[in-house]
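Asker: Provided below: upload-v7.txt, containing compact mmCIF, C-alpha atoms.
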```txt
# COMPACT_ATOMS: atom_id res chain seq x y z
CA MET L 186 31.22 -63.14 -17.04
CA ASN L 187 30.09 -62.68 -13.46
CA THR L 188 26.43 -61.61 -13.42
CA THR L 189 26.21 -61.06 -9.64
CA SER L 190 28.35 -57.91 -9.74
CA GLU L 191 26.08 -55.92 -11.98
CA THR L 192 24.82 -53.48 -9.31
CA PRO L 193 27.69 -52.99 -6.88
CA ARG L 194 26.72 -49.41 -5.98
CA LEU L 195 23.46 -50.50 -4.38
CA GLU L 196 25.15 -52.69 -1.77
CA LYS L 197 24.66 -50.22 1.01
CA PHE L 198 20.90 -50.58 1.08
CA ARG L 199 18.26 -52.85 -0.18
CA ILE L 200 14.59 -52.48 -0.86
CA THR L 201 12.35 -55.46 -0.32
CA PRO L 202 8.68 -55.10 -1.21
CA LEU L 203 6.74 -57.05 1.41
CA SER L 204 3.07 -56.69 0.60
CA GLY L 205 0.64 -55.00 -1.76
CA PRO L 206 0.94 -54.84 -5.52
CA ALA L 207 4.37 -54.19 -6.88
CA ALA L 208 5.02 -50.74 -8.28
CA SER L 209 4.84 -50.46 -12.01
CA SER L 210 8.29 -50.36 -13.51
CA SER L 211 7.55 -47.26 -15.54
CA ARG L 212 8.01 -44.80 -12.66
CA PRO L 213 10.51 -42.20 -13.77
CA LEU L 214 12.48 -41.86 -10.52
CA SER L 215 15.54 -43.53 -11.94
CA ALA L 216 15.50 -41.41 -15.08
CA PRO L 217 18.52 -39.16 -15.64
CA LEU L 218 18.49 -36.06 -13.43
CA SER L 219 17.29 -32.90 -15.02
CA ALA L 220 20.15 -30.67 -16.08
CA GLU L 221 19.24 -28.17 -13.39
CA ILE L 222 19.29 -30.62 -10.49
CA LYS L 223 22.45 -32.25 -11.83
CA ALA L 224 24.20 -28.87 -11.97
CA ALA L 225 23.19 -28.21 -8.37
CA PHE L 226 24.50 -31.64 -7.26
CA ASP L 227 27.74 -31.11 -9.15
CA ALA L 228 28.24 -27.74 -7.52
CA SER L 229 28.00 -29.30 -4.09
CA PRO L 230 30.94 -31.60 -3.23
CA ASP L 231 28.95 -33.78 -0.82
CA GLY L 232 26.15 -34.26 -3.28
CA GLU L 233 23.80 -32.16 -1.18
CA VAL L 234 21.87 -29.26 -2.65
CA ALA L 235 22.58 -26.37 -0.35
CA VAL L 236 19.32 -24.49 -0.41
CA GLN L 237 19.48 -21.50 1.86
CA SER L 238 16.24 -20.35 3.35
CA VAL L 239 16.64 -16.79 4.53
CA ASP L 240 14.11 -14.82 6.54
CA VAL L 241 14.68 -11.32 5.27
CA ARG L 242 11.53 -9.42 6.33
CA ILE L 243 12.11 -6.46 4.02
CA PRO L 244 9.26 -3.95 3.81
CA LEU L 245 8.60 -3.48 0.10
CA LEU L 246 7.85 0.20 0.46
CA GLU L 247 10.83 0.74 2.78
CA LYS L 248 12.36 3.47 0.61
CA ASN L 249 9.10 5.38 0.49
CA ASP L 250 8.50 4.92 4.22
CA ILE L 251 11.95 6.25 5.11
CA LEU L 252 11.52 9.29 2.86
CA ALA L 253 8.04 9.85 4.29
CA GLU L 254 9.43 9.91 7.83
CA ARG L 255 12.03 12.41 6.69
CA ASN L 256 9.31 14.60 5.18
CA ARG L 257 7.28 14.34 8.38
CA GLY L 258 10.26 15.41 10.46
CA TYR L 259 10.84 18.34 8.12
CA PHE L 260 7.21 19.47 8.38
CA LEU L 261 7.20 19.11 12.16
CA GLY L 262 10.47 21.01 12.39
CA ARG L 263 8.99 23.87 10.37
CA GLY L 264 5.85 23.83 12.51
CA LEU L 265 3.54 23.28 9.57
CA VAL L 266 0.69 20.86 9.08
CA ALA L 267 0.77 18.75 5.91
CA LEU L 268 -2.56 17.39 4.70
CA ASN L 269 -2.83 14.69 2.04
CA LEU L 270 -6.10 15.04 0.10
CA VAL L 271 -7.25 11.82 -1.53
CA SER L 272 -10.37 10.94 -3.52
CA SER L 273 -11.71 9.56 -6.79
CA PRO L 274 -11.17 11.83 -9.79
CA GLY L 275 -13.79 14.56 -9.79
CA ALA L 276 -14.80 14.39 -6.12
CA GLY L 277 -13.94 18.06 -5.69
CA LYS L 278 -10.42 18.27 -4.27
CA THR L 279 -9.43 21.27 -6.39
CA THR L 280 -12.68 23.14 -5.81
CA LEU L 281 -12.38 22.51 -2.06
CA LEU L 282 -8.87 23.98 -2.14
CA GLU L 283 -9.91 27.00 -4.23
CA ARG L 284 -12.41 28.07 -1.60
CA THR L 285 -10.06 27.15 1.25
CA LEU L 286 -7.27 29.29 -0.19
CA ASP L 287 -9.60 32.22 -0.89
CA GLU L 288 -10.95 32.28 2.66
CA PHE L 289 -8.80 30.38 5.18
CA GLY L 290 -5.71 31.20 3.09
CA HIS L 291 -5.98 34.88 4.03
CA GLU L 292 -5.78 34.23 7.76
CA THR L 293 -3.19 31.42 7.66
CA ARG L 294 -0.39 31.15 5.12
CA CYS L 295 -0.96 28.05 2.95
CA ALA L 296 0.97 26.25 0.23
CA VAL L 297 -0.15 23.60 -2.25
CA LEU L 298 1.42 20.66 -4.05
CA VAL L 299 -0.94 19.24 -6.64
CA GLY L 300 -0.50 15.93 -8.45
CA ASP L 301 -1.94 14.75 -11.75
CA LEU L 302 -0.83 12.37 -14.46
CA GLU L 303 -0.73 15.16 -17.03
CA THR L 304 -1.48 18.89 -17.48
CA GLU L 305 -0.96 21.78 -15.10
CA ASN L 306 -4.64 22.70 -15.20
CA ASP L 307 -5.22 22.15 -11.48
CA GLY L 308 -2.06 24.02 -10.54
CA ARG L 309 -3.24 26.95 -12.67
CA ARG L 310 -6.68 26.89 -11.03
CA LEU L 311 -5.06 27.06 -7.60
CA ARG L 312 -2.51 29.77 -8.35
CA ARG L 313 -2.97 32.76 -6.05
CA ASP L 314 -0.62 35.67 -5.29
CA HIS L 315 -0.71 34.81 -1.60
CA VAL L 316 -0.18 31.03 -2.06
CA PRO L 317 2.93 29.16 -3.25
CA VAL L 318 1.68 26.37 -5.57
CA ALA L 319 3.62 23.69 -7.44
CA GLN L 320 2.25 21.07 -9.82
CA ILE L 321 3.61 17.53 -9.83
CA THR L 322 2.90 15.69 -13.09
CA THR L 323 3.50 12.02 -12.50
CA GLY L 324 3.37 10.81 -16.12
CA THR L 325 1.90 7.37 -15.68
CA THR L 326 2.14 6.92 -11.92
CA CYS L 327 -1.22 6.50 -10.22
CA HIS L 328 -0.26 8.12 -6.90
CA LEU L 329 2.12 10.61 -5.34
CA ASP L 330 5.03 9.21 -3.36
CA ALA L 331 7.28 10.61 -0.66
CA SER L 332 10.16 11.41 -3.03
CA MET L 333 7.87 13.53 -5.23
CA ILE L 334 6.81 15.45 -2.13
CA ALA L 335 10.42 15.99 -1.04
CA ARG L 336 11.26 17.42 -4.46
CA GLY L 337 8.01 19.34 -4.77
CA VAL L 338 8.55 21.03 -1.43
CA GLU L 339 11.93 22.30 -2.63
CA ALA L 340 10.09 24.23 -5.34
CA LEU L 341 7.92 26.06 -2.80
CA ASP L 342 8.74 29.05 -0.63
CA LEU L 343 7.55 27.72 2.73
CA ASP L 344 8.47 30.84 4.66
CA ARG L 345 5.71 31.41 7.29
CA VAL L 346 3.58 28.66 5.72
CA LYS L 347 1.51 26.86 8.37
CA ALA L 348 -0.63 24.56 6.21
CA LEU L 349 0.62 22.53 3.25
CA PHE L 350 -2.15 20.94 1.19
CA ILE L 351 -1.09 18.01 -0.97
CA GLU L 352 -3.70 17.23 -3.62
CA ASN L 353 -3.05 13.61 -4.56
CA VAL L 354 -3.73 12.01 -7.93
CA GLY L 355 -7.45 11.17 -8.23
CA ASN L 356 -7.50 7.50 -7.24
CA LEU L 357 -9.07 5.68 -4.30
CA VAL L 358 -6.78 2.65 -4.38
CA CYS L 359 -3.07 3.32 -4.80
CA PRO L 360 -2.57 6.43 -2.63
CA ALA L 361 -3.63 4.33 0.38
CA SER L 362 -0.28 2.48 0.31
CA PHE L 363 1.97 5.52 0.01
CA ASP L 364 2.76 7.55 3.07
CA LEU L 365 3.85 11.03 1.97
CA GLY L 366 4.90 12.16 5.43
CA GLU L 367 1.63 14.01 5.99
CA GLN L 368 0.27 14.44 9.50
CA VAL L 369 -3.35 14.40 8.35
CA ARG L 370 -4.97 12.31 5.64
CA VAL L 371 -8.20 13.73 4.27
CA VAL L 372 -10.41 11.51 2.11
CA LEU L 373 -13.18 13.12 0.04
CA LEU L 374 -16.40 11.40 -0.96
CA SER L 375 -18.78 13.33 -3.20
CA THR L 376 -22.53 13.00 -3.55
CA THR L 377 -22.06 12.17 -7.25
CA GLU L 378 -20.57 8.84 -6.12
CA GLY L 379 -22.36 5.97 -4.40
CA GLU L 380 -23.19 6.00 -0.70
CA ASP L 381 -21.45 2.62 -0.45
CA LYS L 382 -18.05 3.78 -1.70
CA PRO L 383 -16.47 3.44 1.77
CA LEU L 384 -17.56 -0.22 1.81
CA LYS L 385 -16.04 -0.77 -1.64
CA TYR L 386 -12.70 0.94 -0.97
CA PRO L 387 -11.97 0.24 2.69
CA PRO L 388 -8.16 0.66 2.82
CA ILE L 389 -8.19 4.34 1.93
CA PHE L 390 -11.09 5.14 4.27
CA LYS L 391 -9.48 3.15 7.10
CA SER L 392 -6.39 5.32 6.77
CA ALA L 393 -8.34 8.61 6.92
CA HIS L 394 -8.15 11.08 9.79
CA VAL L 395 -10.82 13.23 8.18
CA VAL L 396 -13.55 12.33 5.67
CA LEU L 397 -15.21 15.18 3.80
CA LEU L 398 -18.59 14.50 2.21
CA THR L 399 -18.57 17.03 -0.65
CA LYS L 400 -21.14 18.57 -3.04
CA ILE L 401 -23.94 18.20 -0.48
CA ASP L 402 -25.81 21.08 -2.20
CA VAL L 403 -26.78 18.72 -5.05
CA ALA L 404 -27.49 15.66 -2.90
CA GLY L 405 -31.27 16.13 -3.19
CA ALA L 406 -31.24 16.37 -6.99
CA LEU L 407 -29.07 13.28 -7.19
CA GLY L 408 -31.16 11.27 -4.74
CA PHE L 409 -28.02 10.83 -2.63
CA ASP L 410 -28.69 9.70 0.94
CA CYS L 411 -26.20 11.68 3.05
CA ALA L 412 -27.20 9.96 6.30
CA LEU L 413 -26.56 6.54 4.78
CA ALA L 414 -23.21 7.69 3.39
CA VAL L 415 -22.16 9.03 6.80
CA GLU L 416 -23.25 5.77 8.43
CA ASN L 417 -21.12 3.81 5.95
CA ILE L 418 -18.14 6.08 6.61
CA ARG L 419 -18.54 5.54 10.35
CA ARG L 420 -18.73 1.78 9.96
CA ILE L 421 -15.50 1.65 7.96
CA ALA L 422 -13.65 4.55 9.55
CA PRO L 423 -14.93 5.17 13.08
CA GLN L 424 -11.67 6.99 13.83
CA ALA L 425 -12.30 9.70 11.23
CA ARG L 426 -13.79 13.12 11.76
CA VAL L 427 -16.64 13.55 9.23
CA ILE L 428 -17.62 16.93 7.79
CA GLN L 429 -20.33 17.50 5.20
CA LEU L 430 -19.79 20.52 2.98
CA SER L 431 -20.36 22.23 -0.33
CA ALA L 432 -17.62 24.30 -1.93
CA ARG L 433 -20.24 26.03 -4.09
CA THR L 434 -22.52 27.28 -1.31
CA GLY L 435 -19.93 27.33 1.48
CA GLU L 436 -22.09 25.14 3.72
CA GLY L 437 -19.98 23.22 6.21
CA PHE L 438 -16.84 25.29 5.59
CA ALA L 439 -16.98 26.85 9.05
CA ALA L 440 -16.44 23.37 10.54
CA TRP L 441 -13.66 22.61 8.02
CA PHE L 442 -11.85 25.88 8.81
CA ASP L 443 -12.25 25.29 12.57
CA LEU L 444 -10.62 21.89 12.09
CA LEU L 445 -7.78 23.46 10.08
CA ARG L 446 -7.28 26.11 12.77
CA SER L 447 -7.01 23.48 15.50
CA LEU L 448 -4.56 21.45 13.40
CA VAL L 449 -2.41 24.50 12.71
CA ALA L 450 -2.48 25.43 16.41
CA LYS L 451 -1.33 21.91 17.31
CA GLY L 452 1.49 22.01 14.75
CA ARG L 453 2.90 25.18 16.23
CA MET W 284 -2.41 -0.44 -10.22
CA HIS W 285 1.10 -0.05 -8.80
CA GLU W 286 1.62 -3.78 -8.27
CA VAL W 287 4.34 -3.81 -10.95
CA GLY W 288 6.32 -1.22 -9.00
CA ILE W 289 5.91 -3.18 -5.78
CA MET W 290 6.92 -6.41 -7.47
CA GLU W 291 9.97 -4.65 -8.94
CA ALA W 292 10.97 -3.60 -5.44
CA ALA W 293 10.50 -7.19 -4.23
CA LEU W 294 12.44 -8.72 -7.11
CA GLY W 295 15.21 -6.14 -6.72
CA ALA W 296 15.58 -7.08 -3.05
CA VAL W 297 15.50 -10.81 -3.90
CA LEU W 298 18.21 -10.50 -6.55
CA SER W 299 20.47 -8.38 -4.38
CA GLN W 300 20.11 -10.87 -1.49
CA ALA W 301 20.87 -13.73 -3.86
CA ARG W 302 23.94 -11.94 -5.23
CA SER W 303 25.32 -11.13 -1.82
CA ARG W 304 24.96 -14.78 -0.74
CA GLY W 305 26.42 -16.19 -3.93
CA ALA W 306 23.22 -18.00 -4.93
CA GLN W 307 22.81 -19.13 -8.52
CA ARG W 308 19.11 -19.75 -8.44
CA VAL W 309 16.07 -18.61 -6.47
CA HIS W 310 13.58 -21.40 -5.72
CA ARG W 311 10.95 -19.75 -3.63
CA ILE W 312 9.91 -16.24 -2.66
CA VAL W 313 7.51 -15.61 0.21
CA LEU W 314 5.64 -12.31 0.45
CA ARG W 315 3.35 -11.23 3.29
CA ILE W 316 0.51 -9.05 2.07
CA GLY W 317 -1.89 -7.42 4.50
CA ALA W 318 -5.63 -7.37 3.95
CA LEU W 319 -5.51 -3.57 4.12
CA SER W 320 -2.39 -3.07 2.01
CA GLY W 321 -4.46 -2.16 -1.02
CA VAL W 322 -2.43 -4.59 -3.11
CA ASP W 323 -3.96 -7.39 -5.12
CA ALA W 324 -2.27 -10.81 -4.98
CA ASP W 325 -3.26 -11.82 -8.51
CA SER W 326 -1.83 -8.60 -9.93
CA LEU W 327 1.39 -9.28 -8.03
CA ARG W 328 1.64 -12.75 -9.57
CA PHE W 329 0.98 -11.34 -13.02
CA ALA W 330 3.66 -8.70 -12.50
CA PHE W 331 6.09 -11.31 -11.17
CA ASP W 332 5.74 -13.50 -14.25
CA ALA W 333 6.37 -10.50 -16.46
CA ILE W 334 9.39 -9.01 -14.73
CA ALA W 335 11.17 -12.11 -13.35
CA ALA W 336 11.63 -13.60 -16.83
CA GLY W 337 15.30 -13.86 -17.73
CA THR W 338 16.50 -13.54 -14.11
CA ILE W 339 17.74 -16.27 -11.76
CA ALA W 340 14.32 -16.01 -10.08
CA ALA W 341 12.36 -16.77 -13.26
CA GLU W 342 11.49 -20.31 -12.13
CA ALA W 343 10.91 -19.42 -8.50
CA GLU W 344 7.65 -20.27 -6.81
CA LEU W 345 5.94 -17.11 -5.57
CA GLU W 346 4.11 -17.71 -2.32
CA ILE W 347 1.82 -14.94 -1.12
CA ARG W 348 0.70 -15.17 2.49
CA ASP W 349 -2.33 -13.13 3.40
CA VAL W 350 -2.02 -11.25 6.66
CA PRO W 351 -5.47 -10.73 8.19
CA ALA W 352 -6.54 -7.38 9.55
CA VAL W 353 -6.38 -7.05 13.32
CA ALA W 354 -7.99 -4.15 15.16
CA HIS W 355 -7.92 -3.02 18.77
CA CYS W 356 -11.02 -2.54 20.87
CA ALA W 357 -10.49 0.29 23.33
CA SER W 358 -13.38 -0.65 25.63
CA CYS W 359 -12.35 -4.32 25.97
CA ALA W 360 -8.62 -3.42 25.79
CA LYS W 361 -8.15 -6.41 23.47
CA ASP W 362 -7.14 -7.00 19.87
CA PHE W 363 -9.41 -8.91 17.54
CA THR W 364 -9.14 -10.32 14.04
CA ALA W 365 -11.50 -8.74 11.56
CA VAL W 366 -13.60 -11.56 10.19
CA SER W 367 -16.15 -9.81 8.00
CA GLY W 368 -14.37 -7.75 5.38
CA ALA W 369 -13.81 -4.15 6.26
CA ILE W 370 -16.11 -3.43 9.16
CA PHE W 371 -14.14 -3.92 12.36
CA SER W 372 -16.71 -4.74 14.98
CA CYS W 373 -15.45 -6.13 18.30
CA PRO W 374 -16.72 -9.72 18.75
CA ARG W 375 -17.17 -9.09 22.50
CA CYS W 376 -18.89 -5.71 22.70
CA ARG W 377 -19.81 -5.00 19.03
CA ARG W 378 -18.16 -1.60 19.21
CA LEU W 379 -16.62 -0.40 15.94
CA SER W 380 -12.90 0.16 15.90
CA GLY W 381 -10.69 2.27 13.64
CA GLU W 382 -7.47 1.29 15.39
CA VAL W 383 -5.70 -1.00 12.96
CA ARG W 384 -3.00 -3.12 14.60
CA GLN W 385 -2.16 -5.41 11.69
CA GLY W 386 -3.07 -5.75 8.03
CA ARG W 387 -1.08 -3.06 6.23
CA GLU W 388 1.92 -5.36 5.69
CA LEU W 389 3.74 -5.41 2.36
CA GLU W 390 6.79 -7.48 3.09
CA LEU W 391 9.36 -9.70 1.44
CA SER W 392 9.40 -12.38 4.10
CA ARG W 393 11.63 -15.23 2.99
CA ILE W 394 13.83 -16.32 0.09
CA GLU W 395 14.93 -19.88 -0.67
CA MET W 396 17.92 -20.07 -2.98
CA SER W 397 20.96 -22.17 -3.84
```
What would the structure in this file look like if it were written as structure tokens?
Answerer:
Amino acid sequence: MNTTSETPRLEKFRITPLSGPAASSSRPLSAPLSAEIKAAFDASPDGEVAVQSVDVRIPLLEKNDILAERNRGYFLGRGLVALNLVSSPGAGKTTLLERTLDEFGHETRCAVLVGDLETENDGRRLRRDHVPVAQITTGTTCHLDASMIARGVEALDLDRVKALFIENVGNLVCPASFDLGEQVRVVLLSTTEGEDKPLKYPPIFKSAHVVLLTKIDVAGALGFDCALAVENIRRIAPQARVIQLSARTGEGFAAWFDLLRSLVAKGR
Amino acid sequence: MHEVGIMEAALGAVLSQARSRGAQRVHRIVLRIGALSGVDADSLRFAFDAIAAGTIAAEAELEIRDVPAVAHCASCAKDFTAVSGAIFSCPRCRRLSGEVRQGRELELSRIEMS
């Protein structure tokens, strides 16, 4: 038996250790290939694993973004201003809208889409003879998205409507990522929350065109420092218009209605 | 809170790309996530492990690249990278900026498959 022919397949190359300690013989490199790698080698006739690396650059919210642009075009075409109202639960979005509809709503035709996980309570609170209102119940979804708005708008008679208020699900995180097609994003911060909320939830405040500091009538009783809160808003969102108001006393609503009037005039 | 939905969108795009290119296995998925996207990387990983199971991407490595926030300073007419969290203060003139130029990204960047 010829012992020199025992490794004929290694003739092409040779490895000669020259210095340093020899590698321990227990290294597993010569162990049988794992089934997965073997299958990949077998599939490739040249014994090369053809891994494709593909730069795809797909926006993950592409579908929502496209629908949002469509909504925006629809609103612009109708000459109406859509406002997306975002805040923590209980910051006063519905109460703000009640007063807005009862006063501003008589000079300018308004409509409302209101989102919640469950119940039509807010929709019922906002129902007025002079205002088309539709409730969107999202089930488990923590935010409104552009497709919900497109379908919600179909349920509203938008004839002569100049301002569409979209009351988002109470949540300071998720709605930041979802463009609804609104022209104006309004973020509410109430005096029952901390003055540092803008510092804790920067994405939503950074995306705001308008920040409303609400419930200022009870700020004193709560020991809430309005000046500090406004300073924090300005540090995070210097682009935003800030209005302090109280839906109970009506303080600050003149400035809010003036802003709405200028937005409606621009949308025309 | 909606990281599962976002990961589903990412995985859906990965699997359809893999199908259309005849790949049998996905090895690596690269996402670009902006500092202002409002999406948490750990939640994305958790969601990925849950929903990729049983697909050809189940063993894939998920790489999440953070995209820093970049803002524009109108007085210096220059962009700057936001270094300290959420307050965008221009390093040259200290002026605060609300003009975000980068940092909202939520993108499926690259797929490696065979």
Asker: Counting all atoms listed in the file, give me one row per residue of segment 316-391 of chain W with an atom at most 8 Å from an atom of segment 421-440 of chain L, showing the shortest contact pair and its distance in Å to one decimal, sorted by chain then residue number, as a tab-separated table.
Answerer:
```
residue	atom	partner	partner_atom	distance
W:Ala369	CA	L:Ile421	CA	6.3
W:Ile370	CA	L:Ile421	CA	5.3
W:Phe371	CA	L:Ile421	CA	7.2
W:Leu379	CA	L:Pro423	CA	6.5
W:Ser380	CA	L:Pro423	CA	6.1
W:Gly381	CA	L:Gln424	CA	4.8
W:Glu382	CA	L:Gln424	CA	7.3
```
Asker: Could you write those residues out with C-alpha atoms, as a CSV table (one decimal), in the coordinates of the input?
Answerer:
```
chain,number,residue,atom,x,y,z
W,369,ALA,CA,-13.8,-4.2,6.3
W,370,ILE,CA,-16.1,-3.4,9.2
W,371,PHE,CA,-14.1,-3.9,12.4
W,379,LEU,CA,-16.6,-0.4,15.9
W,380,SER,CA,-12.9,0.2,15.9
W,381,GLY,CA,-10.7,2.3,13.6
W,382,GLU,CA,-7.5,1.3,15.4
```
Asker: So that each row is one residue of chain L with an atom at most 9 Å from chain W, can you give its shortest atom pair and the distance in Å to one decimal, using all atoms listed in the file, rows by chain and rising number, as JSON lines?
Answerer:
```
{"residue": "L:Ala225", "atom": "CA", "partner": "W:Ser397", "partner_atom": "CA", "distance": 7.9}
{"residue": "L:Val234", "atom": "CA", "partner": "W:Ser397", "partner_atom": "CA", "distance": 7.2}
{"residue": "L:Ala235", "atom": "CA", "partner": "W:Ser397", "partner_atom": "CA", "distance": 5.7}
{"residue": "L:Val236", "atom": "CA", "partner": "W:Ser397", "partner_atom": "CA", "distance": 4.5}
{"residue": "L:Gln237", "atom": "CA", "partner": "W:Met396", "partner_atom": "CA", "distance": 5.3}
{"residue": "L:Ser238", "atom": "CA", "partner": "W:Glu395", "partner_atom": "CA", "distance": 4.3}
{"residue": "L:Val239", "atom": "CA", "partner": "W:Ile394", "partner_atom": "CA", "distance": 5.3}
{"residue": "L:Asp240", "atom": "CA", "partner": "W:Arg393", "partner_atom": "CA", "distance": 4.3}
{"residue": "L:Val241", "atom": "CA", "partner": "W:Arg393", "partner_atom": "CA", "distance": 5.5}
{"residue": "L:Arg242", "atom": "CA", "partner": "W:Ser392", "partner_atom": "CA", "distance": 4.3}
{"residue": "L:Ile243", "atom": "CA", "partner": "W:Leu391", "partner_atom": "CA", "distance": 5.0}
{"residue": "L:Pro244", "atom": "CA", "partner": "W:Glu390", "partner_atom": "CA", "distance": 4.4}
{"residue": "L:Leu245", "atom": "CA", "partner": "W:Glu390", "partner_atom": "CA", "distance": 5.3}
{"residue": "L:Leu246", "atom": "CA", "partner": "W:Leu389", "partner_atom": "CA", "distance": 7.2}
{"residue": "L:Thr326", "atom": "CA", "partner": "W:His285", "partner_atom": "CA", "distance": 7.7}
{"residue": "L:Cys327", "atom": "CA", "partner": "W:Met284", "partner_atom": "CA", "distance": 7.0}
{"residue": "L:His328", "atom": "CA", "partner": "W:His285", "partner_atom": "CA", "distance": 8.5}
{"residue": "L:Val358", "atom": "CA", "partner": "W:Gly321", "partner_atom": "CA", "distance": 6.3}
{"residue": "L:Cys359", "atom": "CA", "partner": "W:Met284", "partner_atom": "CA", "distance": 6.6}
{"residue": "L:Pro360", "atom": "CA", "partner": "W:Gly321", "partner_atom": "CA", "distance": 8.9}
{"residue": "L:Ala361", "atom": "CA", "partner": "W:Gly321", "partner_atom": "CA", "distance": 6.7}
{"residue": "L:Ser362", "atom": "CA", "partner": "W:Ser320", "partner_atom": "CA", "distance": 6.2}
{"residue": "L:Leu384", "atom": "CA", "partner": "W:Ala369", "partner_atom": "CA", "distance": 7.0}
{"residue": "L:Lys385", "atom": "CA", "partner": "W:Ala369", "partner_atom": "CA", "distance": 8.9}
{"residue": "L:Tyr386", "atom": "CA", "partner": "W:Gly321", "partner_atom": "CA", "distance": 8.8}
{"residue": "L:Pro387", "atom": "CA", "partner": "W:Ala369", "partner_atom": "CA", "distance": 6.0}
{"residue": "L:Pro388", "atom": "CA", "partner": "W:Leu319", "partner_atom": "CA", "distance": 5.2}
{"residue": "L:Ile389", "atom": "CA", "partner": "W:Gly321", "partner_atom": "CA", "distance": 8.1}
{"residue": "L:Lys391", "atom": "CA", "partner": "W:Gly381", "partner_atom": "CA", "distance": 6.7}
{"residue": "L:Ser392", "atom": "CA", "partner": "W:Gly381", "partner_atom": "CA", "distance": 8.7}
{"residue": "L:Arg419", "atom": "CA", "partner": "W:Leu379", "partner_atom": "CA", "distance": 8.4}
{"residue": "L:Arg420", "atom": "CA", "partner": "W:Ile370", "partner_atom": "CA", "distance": 5.9}
{"residue": "L:Ile421", "atom": "CA", "partner": "W:Ile370", "partner_atom": "CA", "distance": 5.3}
{"residue": "L:Ala422", "atom": "CA", "partner": "W:Gly381", "partner_atom": "CA", "distance": 5.5}
{"residue": "L:Pro423", "atom": "CA", "partner": "W:Gly381", "partner_atom": "CA", "distance": 5.2}
{"residue": "L:Gln424", "atom": "CA", "partner": "W:Gly381", "partner_atom": "CA", "distance": 4.8}
{"residue": "L:Ala425", "atom": "CA", "partner": "W:Gly381", "partner_atom": "CA", "distance": 8.0}
```
Asker: Which residues, written as number ranges by chain, have at least one atom at most 12 Å from Phe289 of chain L, with only C-alpha atoms counted and residues fewer than 6 positions away on the same chain left out?
Answerer: L: 281-283, 295-296, 315-316, 347-348, 438-446, 449
Asker: At what distance in Å, to one decimal, does atom CA of Thr293 of chain L lie from atom CA of Asp402 of chain L?
Answerer: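 We find that atom CA of Asp402 of chain L and atom CA of Thr293 of chain L lie 26.8 Å from each other.
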Asker: Find the spatial neighbours of Lys382 of chain L, counting only C-alpha atoms, within a cut-off of 10 Å - ignore same-chain residues fewer than 2 positions away - and output them as a PyMOL selection string.
Answerer: chain L and resi 273+357+374-375+378-380+384-387+390+414+417-418
Asker: Do you have the atom CA of Gly317 of chain W-atom CA of Gly258 of chain L distance handy?
Answerer: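 Spanning atom CA of Gly317 of chain W to atom CA of Gly258 of chain L is a straight-line distance of 26.5 Å.
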Asker: Mind checking which residues fall within 9 Å of Cys411 of chain L, counting only C-alpha atoms, ignoring those fewer than 2 positions away in the same chain, and posting them as JSON, numbers by chain?
Answerer: {"L": [376, 380, 398, 401, 404, 409, 413, 414, 415, 416, 429]}
Asker: Which residue, W:Ile316, W:Ile334, W:Ala341, W:Cys373, has the smallest gap to His355 of chain W when you use all atoms listed in the file?
Answerer: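 Distance minimum relative to His355 of chain W lands on W:Cys373.
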